[in-house]
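Content type compact mmCIF, C-alpha atoms, from the file coords-v9.txt:
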# COMPACT_ATOMS: atom_id res chain seq x y z
CA MET A 214 335.56 170.23 204.47
CA ALA A 215 334.27 166.77 205.11
CA GLY A 216 335.49 166.90 208.70
CA ALA A 217 333.70 170.20 209.29
CA ALA A 218 330.50 168.80 207.88
CA SER A 219 330.63 165.76 210.11
CA ALA A 220 331.30 167.93 213.15
CA SER A 221 328.19 170.01 212.54
CA SER A 222 325.91 167.00 211.89
CA PRO A 223 326.59 164.01 214.12
CA PRO A 224 326.03 160.58 212.63
CA PRO A 225 322.34 159.65 212.61
CA THR A 226 321.24 157.41 215.41
CA PRO A 227 319.50 154.21 214.35
CA LYS A 228 315.76 154.72 214.07
CA SER A 229 313.94 153.04 216.90
CA PRO A 230 310.91 151.03 215.80
CA LYS A 231 307.67 152.95 216.11
CA LEU A 232 305.96 151.64 219.19
CA GLN A 233 302.37 150.53 218.67
CA PRO A 234 299.95 150.68 221.59
CA PRO A 235 299.40 147.23 223.08
CA LEU A 236 296.78 145.23 221.19
CA LEU A 237 295.33 143.96 224.46
CA GLU A 238 295.17 145.83 227.72
CA ARG A 239 293.66 144.63 230.96
CA ALA A 240 291.97 147.45 232.84
CA LYS A 241 289.45 148.21 235.55
CA GLY A 242 285.92 149.27 234.70
CA PRO A 243 283.67 151.78 236.52
CA SER A 244 283.00 149.39 239.40
CA GLY A 245 286.40 147.73 239.54
CA LEU A 246 285.46 144.87 237.22
CA ASP A 247 288.28 143.72 235.05
CA LYS A 248 287.88 144.40 231.37
CA ILE A 249 290.04 143.72 228.34
CA VAL A 250 290.52 146.58 225.88
CA LEU A 251 291.25 145.52 222.31
CA ARG A 252 293.10 148.13 220.26
CA ASP A 253 293.69 147.68 216.57
CA PRO A 254 296.60 149.69 215.12
CA ARG A 255 294.16 151.26 212.63
CA GLY A 256 292.25 152.93 215.46
CA PHE A 257 289.40 150.49 216.13
CA THR A 258 288.70 149.48 219.72
CA ALA A 259 286.47 147.12 221.67
CA GLU A 260 286.03 146.35 225.35
CA VAL A 261 284.98 143.03 226.84
CA ARG A 262 284.37 142.53 230.54
CA LEU A 263 285.27 139.40 232.44
CA TYR A 264 281.94 139.83 234.21
CA GLY A 265 279.48 138.20 231.83
CA GLY A 266 282.03 137.81 229.04
CA GLN A 267 280.23 140.90 227.80
CA VAL A 268 281.34 143.28 225.07
CA THR A 269 280.46 146.78 226.33
CA SER A 270 282.14 149.02 223.74
CA TRP A 271 282.95 148.97 220.04
CA LYS A 272 284.38 151.98 218.23
CA LYS A 273 285.70 152.41 214.71
CA ASP A 274 288.43 154.83 213.69
CA HIS A 275 286.20 157.93 214.06
CA GLY A 276 285.69 157.15 217.74
CA ASP A 277 281.89 156.92 217.64
CA GLU A 278 280.45 154.40 220.10
CA LEU A 279 278.50 151.82 218.09
CA LEU A 280 277.01 149.83 220.97
CA PHE A 281 274.45 151.22 223.41
CA VAL A 282 275.07 150.99 227.15
CA SER A 283 272.55 152.62 229.48
CA ASN A 284 273.69 155.55 231.59
CA LYS A 285 271.99 153.71 234.46
CA ALA A 286 273.71 150.38 233.83
CA ILE A 287 274.95 148.61 236.96
CA PHE A 288 278.41 147.13 236.54
CA LYS A 289 278.39 144.69 239.41
CA SER A 290 277.03 141.33 240.52
CA PRO A 291 274.44 139.88 240.69
CA GLY A 292 272.61 141.56 237.79
CA ALA A 293 273.49 141.79 234.12
CA ILE A 294 274.98 144.91 232.52
CA ARG A 295 272.29 146.82 230.58
CA GLY A 296 273.77 147.22 227.11
CA GLY A 297 276.60 146.02 224.90
CA ILE A 298 276.28 142.35 223.99
CA PRO A 299 275.04 140.23 226.90
CA ILE A 300 275.28 136.48 226.27
CA CYS A 301 272.05 134.57 226.89
CA PHE A 302 273.00 130.99 227.83
CA PRO A 303 271.87 128.30 228.59
CA GLN A 304 268.43 129.86 228.19
CA PHE A 305 267.04 132.72 226.17
CA GLY A 306 264.32 134.78 227.82
CA THR A 307 261.78 132.72 229.71
CA HIS A 308 262.02 129.74 227.35
CA GLY A 309 262.80 127.33 230.20
CA ASN A 310 262.95 127.06 233.99
CA LEU A 311 266.11 129.09 234.67
CA GLU A 312 266.42 132.79 235.48
CA LYS A 313 265.60 135.02 232.51
CA HIS A 314 268.31 134.79 229.82
CA GLY A 315 270.27 132.18 231.80
CA PHE A 316 273.30 132.69 234.01
CA ALA A 317 276.30 133.17 231.68
CA ARG A 318 275.78 136.95 231.56
CA ASN A 319 276.20 137.34 235.33
CA ARG A 320 279.14 135.03 235.98
CA LEU A 321 282.82 135.93 236.15
CA TRP A 322 284.64 134.53 233.14
CA SER A 323 288.37 133.71 232.96
CA ILE A 324 290.97 134.59 230.38
CA ASP A 325 291.53 131.53 228.19
CA ASP A 326 295.29 131.13 227.90
CA ASN A 327 295.17 127.99 225.79
CA PRO A 328 292.23 128.18 223.38
CA PRO A 329 291.84 125.48 220.73
CA PRO A 330 292.69 126.89 217.31
CA LEU A 331 290.09 128.65 215.23
CA PRO A 332 290.42 128.78 211.43
CA VAL A 333 293.35 131.07 210.69
CA ASN A 334 292.58 134.54 209.36
CA SER A 335 295.86 136.39 209.07
CA ALA A 336 294.04 139.73 208.75
CA ILE A 337 292.69 139.43 212.31
CA LYS A 338 295.44 140.41 214.70
CA THR A 339 293.50 141.73 217.69
CA PHE A 340 291.43 139.29 219.72
CA ALA A 341 290.75 138.11 223.26
CA ASP A 342 289.76 134.63 224.43
CA LEU A 343 287.61 133.97 227.50
CA ILE A 344 286.26 130.76 229.04
CA LEU A 345 283.38 129.89 231.35
CA LYS A 346 282.93 126.60 233.19
CA PRO A 347 280.09 125.85 235.61
CA SER A 348 280.59 126.31 239.33
CA GLU A 349 279.17 123.92 241.92
CA GLU A 350 276.28 126.35 242.36
CA ASP A 351 275.65 126.44 238.60
CA LEU A 352 275.53 122.64 238.50
CA LYS A 353 272.79 122.68 241.13
CA ILE A 354 270.52 124.83 238.98
CA TRP A 355 271.55 123.39 235.59
CA PRO A 356 273.17 119.96 236.13
CA HIS A 357 275.40 119.83 233.06
CA SER A 358 279.14 120.19 232.66
CA PHE A 359 280.28 122.42 229.80
CA GLU A 360 283.11 124.54 228.47
CA PHE A 361 282.07 127.81 226.90
CA ARG A 362 284.89 129.46 224.96
CA LEU A 363 284.43 133.00 223.67
CA ARG A 364 286.57 134.91 221.22
CA VAL A 365 286.07 138.65 220.65
CA ALA A 366 288.02 140.05 217.71
CA LEU A 367 288.40 143.16 215.58
CA GLY A 368 288.42 142.56 211.83
CA PRO A 369 290.61 144.37 209.30
CA LYS A 370 287.92 147.00 208.56
CA GLY A 371 286.93 147.50 212.17
CA ASP A 372 284.24 144.82 212.16
CA LEU A 373 283.38 143.26 215.51
CA LEU A 374 283.56 139.46 215.52
CA VAL A 375 282.19 137.40 218.40
CA THR A 376 282.52 133.60 218.30
CA SER A 377 281.12 131.21 220.91
CA ARG A 378 282.08 127.55 221.18
CA ILE A 379 280.17 125.42 223.65
CA ARG A 380 281.23 121.84 224.41
CA ASN A 381 279.38 119.19 226.38
CA THR A 382 281.84 117.83 228.97
CA ASN A 383 279.34 115.66 230.88
CA ALA A 384 281.13 112.56 232.18
CA ASP A 385 277.92 110.55 232.57
CA GLY A 386 277.06 110.32 228.88
CA ARG A 387 274.07 112.69 229.06
CA PRO A 388 273.30 115.12 226.26
CA PHE A 389 272.05 118.61 227.06
CA SER A 390 269.99 121.20 225.21
CA PHE A 391 270.10 124.98 225.40
CA THR A 392 268.79 128.14 223.79
CA PHE A 393 271.09 131.08 223.08
CA ALA A 394 271.30 134.70 221.97
CA TYR A 395 273.76 137.54 221.54
CA HIS A 396 271.53 140.23 223.09
CA THR A 397 273.09 142.96 220.93
CA TYR A 398 272.27 146.59 221.84
CA LEU A 399 273.00 148.86 218.87
CA SER A 400 273.40 152.62 219.31
CA VAL A 401 271.10 154.59 216.99
CA SER A 402 270.41 158.30 216.54
CA ASP A 403 266.59 158.10 216.78
CA ILE A 404 264.61 154.85 216.80
CA SER A 405 261.85 156.45 214.71
CA GLU A 406 264.41 156.98 211.92
CA VAL A 407 265.60 153.35 211.88
CA ARG A 408 264.51 150.49 209.66
CA ILE A 409 265.53 146.86 209.37
CA GLU A 410 265.84 145.00 206.08
CA GLY A 411 266.13 141.24 205.75
CA LEU A 412 263.27 140.10 207.98
CA GLU A 413 260.37 140.80 205.58
CA THR A 414 257.78 138.02 205.11
CA LEU A 415 259.27 135.90 207.92
CA ASP A 416 257.28 134.14 210.62
CA TYR A 417 257.85 135.40 214.15
CA PHE A 418 256.79 134.81 217.73
CA ASP A 419 255.40 137.96 219.33
CA ASN A 420 256.41 138.06 222.99
CA LEU A 421 253.88 140.86 223.55
CA GLN A 422 251.10 138.49 222.40
CA ASP A 423 251.87 135.41 224.53
CA LYS A 424 254.46 134.17 222.01
CA LYS A 425 251.83 133.69 219.31
CA ARG A 426 253.13 133.04 215.81
CA TYR A 427 252.52 135.60 213.04
CA THR A 428 253.93 136.43 209.59
CA GLU A 429 255.66 139.77 208.99
CA GLN A 430 253.67 141.84 206.49
CA GLY A 431 255.71 145.04 206.02
CA ASP A 432 258.25 145.80 203.29
CA ALA A 433 260.74 146.71 205.99
CA ILE A 434 260.52 146.89 209.76
CA VAL A 435 260.14 150.37 211.26
CA PHE A 436 259.44 151.41 214.85
CA GLU A 437 256.44 153.25 216.27
CA SER A 438 255.79 151.33 219.50
CA GLU A 439 257.18 148.59 221.76
CA VAL A 440 258.57 145.58 219.84
CA ASP A 441 259.59 142.15 221.16
CA LYS A 442 259.66 139.58 218.37
CA ILE A 443 261.59 136.40 217.57
CA TYR A 444 261.97 136.05 213.80
CA LEU A 445 262.37 132.43 212.73
CA ASP A 446 264.83 131.10 210.14
CA ALA A 447 266.19 134.60 209.57
CA PRO A 448 268.77 135.14 206.82
CA GLN A 449 272.46 135.18 207.63
CA LYS A 450 272.67 138.89 206.84
CA ILE A 451 270.41 141.62 208.29
CA ALA A 452 270.74 145.36 207.66
CA ILE A 453 269.83 147.99 210.27
CA ILE A 454 269.62 151.40 208.57
CA ASP A 455 269.96 154.58 210.63
CA HIS A 456 268.65 157.30 208.31
CA GLU A 457 269.64 160.22 210.52
CA LYS A 458 273.26 159.07 210.92
CA LYS A 459 273.37 157.81 207.33
CA ARG A 460 274.90 154.66 208.77
CA THR A 461 274.01 151.04 208.26
CA PHE A 462 274.85 148.19 210.58
CA VAL A 463 275.28 144.93 208.71
CA LEU A 464 274.80 141.97 211.02
CA ARG A 465 275.98 138.56 209.85
CA LYS A 466 275.35 135.42 211.84
CA ASP A 467 276.30 131.78 211.63
CA GLY A 468 274.92 128.85 213.63
CA LEU A 469 272.09 131.02 214.92
CA PRO A 470 268.92 130.61 212.84
CA ASP A 471 266.67 133.14 214.59
CA ALA A 472 266.80 136.90 215.15
CA VAL A 473 265.23 138.75 218.07
CA VAL A 474 264.19 142.41 217.69
CA TRP A 475 263.48 144.40 220.86
CA ASN A 476 262.80 147.98 221.85
CA PRO A 477 260.91 148.70 225.09
CA TRP A 478 259.47 152.08 223.98
CA ASP A 479 258.30 154.67 226.50
CA LYS A 480 255.99 152.88 228.96
CA LYS A 481 258.16 149.78 229.43
CA SER A 482 261.29 151.95 229.75
CA LYS A 483 259.86 153.59 232.86
CA THR A 484 259.55 150.18 234.53
CA ILE A 485 263.20 149.13 233.94
CA PRO A 486 265.32 150.36 236.89
CA ASP A 487 268.68 150.28 235.07
CA PHE A 488 267.38 152.04 231.94
CA GLY A 489 266.64 155.73 231.40
CA ASP A 490 263.07 156.80 230.62
CA GLU A 491 264.07 158.26 227.24
CA GLU A 492 266.91 155.92 226.33
CA TYR A 493 264.70 153.72 224.15
CA LYS A 494 265.12 156.39 221.45
CA GLN A 495 268.86 155.74 221.19
CA MET A 496 268.95 151.94 221.10
CA LEU A 497 267.72 148.89 219.25
CA CYS A 498 268.38 145.25 220.03
CA VAL A 499 268.84 142.93 217.05
CA GLU A 500 269.94 139.58 218.43
CA PRO A 501 271.22 136.51 216.57
CA ALA A 502 269.64 133.61 218.44
CA ALA A 503 268.71 129.95 218.58
CA VAL A 504 265.33 129.88 220.30
CA GLU A 505 262.68 127.98 218.37
CA LYS A 506 264.78 124.82 218.05
CA PRO A 507 267.10 124.30 221.05
CA ILE A 508 270.64 123.12 220.32
CA THR A 509 271.41 119.62 221.62
CA LEU A 510 274.95 118.38 222.25
CA LYS A 511 276.06 114.88 223.12
CA PRO A 512 279.13 114.50 225.36
CA GLY A 513 282.23 115.63 223.46
CA GLU A 514 280.22 117.52 220.84
CA GLU A 515 280.80 121.23 220.25
CA TRP A 516 278.54 123.93 218.84
CA LYS A 517 279.79 127.18 217.31
CA GLY A 518 277.76 130.38 216.94
CA ARG A 519 279.17 133.52 215.38
CA LEU A 520 278.19 137.18 215.17
CA GLU A 521 279.86 139.67 212.85
CA LEU A 522 278.93 143.35 213.00
CA SER A 523 280.04 146.03 210.57
CA ALA A 524 279.02 149.70 210.38
CA VAL A 525 279.19 151.38 206.97
CA PRO A 526 277.84 154.54 205.32
CA SER A 527 274.31 153.98 204.01
CA SER A 528 273.69 153.92 200.26
CA TYR A 529 270.26 154.02 198.66
CA TYR A 530 268.77 153.09 195.33
CA SER A 531 265.03 153.83 195.19
CA GLY A 532 264.86 153.56 198.96
CA GLN A 533 266.54 150.15 198.94
CA LEU A 534 269.91 149.23 200.33
CA ASP A 535 272.64 148.75 197.74
CA PRO A 536 273.97 145.37 198.90
CA ASP A 537 277.30 145.73 197.10
CA LYS A 538 278.09 149.04 198.76
CA VAL A 539 277.00 147.73 202.13
CA LEU A 540 279.12 144.64 201.82
CA HIS A 541 282.23 146.25 200.42
CA GLY A 542 281.97 149.76 201.79
Rewrite the coordinates I just gave you, this time as C-alpha cells.
Amino acid sequence: MAGAASASSPPPTPKSPKLQPPLLERAKGPSGLDKIVLRDPRGFTAEVRLYGGQVTSWKKDHGDELLFVSNKAIFKSPGAIRGGIPICFPQFGTHGNLEKHGFARNRLWSIDDNPPPLPVNSAIKTFADLILKPSEEDLKIWPHSFEFRLRVALGPKGDLLVTSRIRNTNADGRPFSFTFAYHTYLSVSDISEVRIEGLETLDYFDNLQDKKRYTEQGDAIVFESEVDKIYLDAPQKIAIIDHEKKRTFVLRKDGLPDAVVWNPWDKKSKTIPDFGDEEYKQMLCVEPAAVEKPITLKPGEEWKGRLELSAVPSSYYSGQLDPDKVLHG
C-alpha cells in the first residue's frame, strides 16, 4: 500500500525561495535618461533620475502617483524637469547671481557606490545613493569644490525620504555659502480644495510683492490665486490636506528652516512653456528650504538636510487635523 501511494504522489520537490522583484532597477526614461526605480516588497515605488538627481515618481501600495509631473515636462538637458522634486543648489530662486535655482537640477549625477554611512535604520531596505561633484564649467560659474551626496529611500510605511549631504572640499581654505530647497511638487485633486496647516502666524517673504516681509493672518492657508511665498522659521512638520481625496501629506523637514509655497494659478501657467494651462489645479509646491539665512561651510564641514513625506487618510476633529492619526495612520 505504501509503495502504491508513493508511486501516485512523487516526493515533494524542495520549495524554491519566493523571488522578490529587485529593490533597485536601472532603467531608461522617456528621453533615454537613466533613472533608478526603487521597489519596496510591500508595493511602494519611487523613481529618481540621474539627470538632476531628481525624484520624479512616488507611489504607495495603491499605485496612486503622489508627485506631480507636468504632461509637458521636458526630460532632457539643458533645462530642469517640471515636477517631482527638483533640487535647488547652490542657489534658491533668484537669491544670488547664478541661474534661477542653481545648477544641480540640470547636471548629470553619478551613482554613489561608496557612500559614507548614514545612521542605521534597519526598517529602511530600499534606497539609492547619488553623488554630484562640480565640473570645470561649474567651477567657472561658482568657484567652489564640493561633494553633494543624495540618498533617496522608501520607509517602512511607504514614506519617501530624501537626504542631502553637502561637504566643502575646497583645497584653498575658503568657506562657501549657499541657499537650498527641495522644490517638491505634490499631486492634488483640486487646488481649491487644499489647505495647509502649520504655517499660521509665520512671517514670510512674498515673491509677488518684491520679496517684502509680511505676517500670515489666516487660520490655515487656502488657495484662490497665485501664491509664491517663503515662510520663515517654519515648523518641522507641515500638513497639506486634500479634502477631495481625503488624503493628507505630512511633510517633515530637518536642517531646512524655511518653507516655500508656490502655485502659479491660471495667468502665470499660460506663460510657462513646459506646463499645461490648467495643470495648476492638480499641483502644489511645498518646499523645505534654507533661504533667509544661507548655509556656510568651512573646508571639511558637512551640512545635512532631510525631507520626509508621508501620505495618509485625512482625519478631522472640528475641522482640525488629528495629529495622532496623521502621525500614526
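Residue nearest Val435 of chain A, chosen from A:Asp471, A:Asp416, A:Asp479, A:Glu410 and counting all atoms listed in the file: A:Glu410.
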Problem - Atomic distance atom CA of Lys313 of chain A - atom CA of His396 of chain A, expressed in Å with one decimal - result: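 Atom CA of His396 of chain A lies 12.3 Å from atom CA of Lys313 of chain A.
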Give me the residues of segment 349-387 of chain A that have any atom at most 9 Å from an atom of segment 265-269 of chain A; for each, the nearest atom pair and the distance in Å, rounded to one decimal. Use all atoms listed in the file, sort by chain and number, and format it as a Markdown table.
| residue | atom | partner | partner_atom | distance |
| --- | --- | --- | --- | --- |
| A:Leu363 | CA | A:Gly266 | CA | 7.6 |
| A:Val365 | CA | A:Val268 | CA | 8.0 |
| A:Val375 | CA | A:Val268 | CA | 8.9 |
Completion exercise
From atom CA of Ala286 of chain A to atom CA of Ile409 of chain A the spacing works out at 26.0 Å
Exercise for the section: Compare A:Phe281, A:Phe359, A:Phe316, A:Tyr427 by their minimum atom-to-atom distance to Ile379 of chain A, counting all atoms listed in the file, and give me the closest one. Expected result: A:Phe359
Handout entry: 8 Å contact set for Lys285 of chain A, all atoms listed in the file, chain neighbours under 3 positions out, as a list of chain:residue names
Key = A:Arg295, A:Pro486, A:Asp487, A:Phe488, A:Gly489
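Across the model, the gap from atom CA of Arg408 of chain A to atom CA of Glu457 of chain A is 11.0 Å.
Compared by their closest atoms to Thr339 of chain A, and using only C-alpha atoms, the residues A:Leu374, A:Val282, A:Leu367, A:Leu415 rank with A:Leu367 nearest.
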Problem - Residue with smallest distance to Pro356 of chain A - pool A:Glu514, A:Asp372, A:Asp385, A:Glu238, counting all atoms listed in the file - result: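 Checking each candidate against Pro356 of chain A, we get A:Asp385 as the closest.
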Exercise for the section: Write out as a count of residues only which residues come within 8 Å of Thr382 of chain A when counting only C-alpha atoms, dropping same-chain ones fewer than 5 positions away. Expected result: 6
For Pro332 of chain A, please output as a PDB file with C-alpha atoms, keeping the file's coordinate frame all residues within 12 Å (counting all atoms listed in the file; exclusion window: fewer than 4 positions along the same chain).
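Printed below is part18.pdb as written:
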ATOM      1  CA  ALA A 336     294.040 139.730 208.750  1.00  0.00           C
ATOM      2  CA  ILE A 337     292.690 139.430 212.310  1.00  0.00           C
ATOM      3  CA  THR A 376     282.520 133.600 218.300  1.00  0.00           C
TER       4      THR A 376
END
